[in-house]
Amino acid sequence: MQAQPTRILLADDHALVRHGLRLILDAEPDLTVVAEAGDGAEAVELATRGEVPIDLAILDIAMPRMTGIQAAREISRRAPGVRLLMLSMYDNEQYFFESLKVGASGYVLKSVADRDLLEACRAAMRGEPFVYPGAITALIRDYLQRHRQGEPVPDTLLTPREEEIVKLIAEGHSSKDIAGILVISVKTVERHRANVLAKLGLRDRLELTRHAIRAGLVEP
């Protein structure tokens, strides 16, 4: 049975840009644009209202009313199952790091969107980050600078408690079991689980288990 195509929300305040990107995306059998927005506020409304199911939101960073970054933050909070990709005219490190902070899976430069956008969409849906070459340089520079200044360099996005919970979920324990093992409430377990999924851009127990194996938290 053929998999359902990824349903995409495309947000950019220039109709011409949206049209061009839509042509690129809709030409692919596994991708389909189901909604368009002309600003960040409209994008949030479409992504979170639920009338049209959205799998992936592609957001231009510089939009009126609400920027793409603000929209991504709001979508991440209100519809954590929606994957996020940022689009920008600018190879700007600040924008890139802000995009990561709000939970975006990737950052695509408009100048090379025809080359990178499809790969970025597919990476986002696999739960993998998409990073263009200039951004890799920025990440390495940031890492080295932190290291030189003696700042702690995060080994992981997760807190020790979140890692504990990921490990237990991957080992097949229910929320009730985990609550008993860690002596916390089921509600707290569920909150940690939702935070982890949002932080890592994952959807469900299966993807969480794959992450746990890759991170060396459990044996395959």
# chains A, B, ... in the order shown; residues from 1 in each chain; ligands from 1
$ select_by_dssp --residues "segment 8-122 of chain A" --states "helix (DSSP H, G or I)" --output "number ranges by chain"
A: 15-26, 40-49, 68-78, 93-101, 110-122
$ residues_around --residues "Lys199 of chain A" --least-positions-apart "3" --cutoff "9 Å" --atoms "only C-alpha atoms" --output "mmCIF file with all heavy atoms, in the first residue's frame"
data_model
loop_
_atom_site.group_PDB
_atom_site.id
_atom_site.type_symbol
_atom_site.label_atom_id
_atom_site.label_comp_id
_atom_site.auth_asym_id
_atom_site.auth_seq_id
_atom_site.Cartn_x
_atom_site.Cartn_y
_atom_site.Cartn_z
ATOM 1 N N LYS A 101 16.343 26.511 18.430
ATOM 2 C CA LYS A 101 15.786 26.681 19.783
ATOM 3 C C LYS A 101 14.282 26.462 19.812
ATOM 4 O O LYS A 101 13.751 25.956 20.791
ATOM 5 C CB LYS A 101 16.079 28.095 20.300
ATOM 6 C CG LYS A 101 17.381 28.205 21.063
ATOM 7 C CD LYS A 101 17.464 29.576 21.726
ATOM 8 C CE LYS A 101 18.878 30.108 21.684
ATOM 9 N NZ LYS A 101 18.918 31.549 21.925
ATOM 10 N N VAL A 102 13.586 26.906 18.752
ATOM 11 C CA VAL A 102 12.123 26.771 18.757
ATOM 12 C C VAL A 102 11.664 25.405 18.231
ATOM 13 O O VAL A 102 10.481 25.150 18.084
ATOM 14 C CB VAL A 102 11.420 27.904 17.966
ATOM 15 C CG1 VAL A 102 11.666 29.244 18.631
ATOM 16 C CG2 VAL A 102 11.846 27.939 16.504
ATOM 17 N N GLY A 103 12.625 24.517 17.933
ATOM 18 C CA GLY A 103 12.247 23.149 17.588
ATOM 19 C C GLY A 103 12.184 22.838 16.105
ATOM 20 O O GLY A 103 11.643 21.798 15.711
ATOM 21 N N LEU A 157 20.425 17.182 24.427
ATOM 22 C CA LEU A 157 19.357 18.156 24.629
ATOM 23 C C LEU A 157 18.537 17.814 25.865
ATOM 24 O O LEU A 157 17.817 18.636 26.395
ATOM 25 C CB LEU A 157 18.409 18.124 23.416
ATOM 26 C CG LEU A 157 18.897 18.717 22.107
ATOM 27 C CD1 LEU A 157 17.936 18.351 20.989
ATOM 28 C CD2 LEU A 157 18.989 20.232 22.222
ATOM 29 N N LEU A 158 18.644 16.577 26.307
ATOM 30 C CA LEU A 158 17.763 16.094 27.382
ATOM 31 C C LEU A 158 18.398 16.246 28.756
ATOM 32 O O LEU A 158 19.604 16.139 28.922
ATOM 33 C CB LEU A 158 17.418 14.619 27.142
ATOM 34 C CG LEU A 158 16.805 14.253 25.787
ATOM 35 C CD1 LEU A 158 16.483 12.774 25.750
ATOM 36 C CD2 LEU A 158 15.572 15.083 25.499
ATOM 37 N N ALA A 194 6.153 14.255 26.766
ATOM 38 C CA ALA A 194 5.757 15.273 25.772
ATOM 39 C C ALA A 194 6.907 16.241 25.510
ATOM 40 O O ALA A 194 7.166 16.618 24.353
ATOM 41 C CB ALA A 194 4.523 16.030 26.265
ATOM 42 N N ASN A 195 7.623 16.633 26.574
ATOM 43 C CA ASN A 195 8.769 17.541 26.417
ATOM 44 C C ASN A 195 9.853 16.912 25.550
ATOM 45 O O ASN A 195 10.445 17.564 24.690
ATOM 46 C CB ASN A 195 9.384 17.899 27.782
ATOM 47 C CG ASN A 195 8.510 18.872 28.558
ATOM 48 O OD1 ASN A 195 7.635 19.499 27.986
ATOM 49 N ND2 ASN A 195 8.744 18.989 29.843
ATOM 50 N N VAL A 196 10.131 15.632 25.820
ATOM 51 C CA VAL A 196 11.173 14.911 25.074
ATOM 52 C C VAL A 196 10.800 14.837 23.592
ATOM 53 O O VAL A 196 11.617 15.124 22.715
ATOM 54 C CB VAL A 196 11.382 13.490 25.648
ATOM 55 C CG1 VAL A 196 12.240 12.647 24.720
ATOM 56 C CG2 VAL A 196 12.041 13.563 27.020
ATOM 57 N N LEU A 202 10.255 14.168 17.721
ATOM 58 C CA LEU A 202 9.781 12.795 17.490
ATOM 59 C C LEU A 202 8.272 12.736 17.693
ATOM 60 O O LEU A 202 7.672 13.630 18.278
ATOM 61 C CB LEU A 202 10.476 11.828 18.468
ATOM 62 C CG LEU A 202 12.018 11.841 18.448
ATOM 63 C CD1 LEU A 202 12.568 10.883 19.485
ATOM 64 C CD2 LEU A 202 12.549 11.466 17.074
#
$ closest_residue --among "A:Lys110, A:Arg78, A:Arg148, A:Arg122" --to "Ile8 of chain A" --atoms "only C-alpha atoms"
A:Arg122
$ closest_residue --among "A:Asp39, A:Asp204, A:Asp55, A:Glu163" --to "Ala71 of chain A" --atoms "only C-alpha atoms"
A:Asp39
$ atom_distance --atom1 "atom CA of Asn92 of chain A" --atom2 "atom CA of Arg77 of chain A"
24.5 Å
$ closest_residue --among "A:Ala170, A:Leu25, A:Ile54, A:Ala35" --to "Ala79 of chain A" --atoms "only C-alpha atoms"
A:Ile54
$ residues_around --residues "Lys176 of chain A" --least-positions-apart "2" --cutoff "12 Å" --atoms "only C-alpha atoms" --output "list of chain:residue names"
A:Ile165, A:Leu168, A:Ile169, A:Gly172, A:His173, A:Ser174, A:Ile178, A:Ala179, A:Gly180, A:Ile181, A:Leu182, A:Val183, A:Ile184, A:Ser185, A:Val186, A:Lys187, A:Thr188, A:Val189, A:Glu190
$ residues_around --residues "Ile24 of chain A" --least-positions-apart "5" --cutoff "12 Å" --atoms "only C-alpha atoms" --output "list in words"
Leu10, Val17, Arg18, His19, Pro29, Asp30, Leu31, Thr32, Val33, Ala113, Asp114, Arg115, Asp116, Leu117, Leu118, Glu119 and Cys121 of chain A
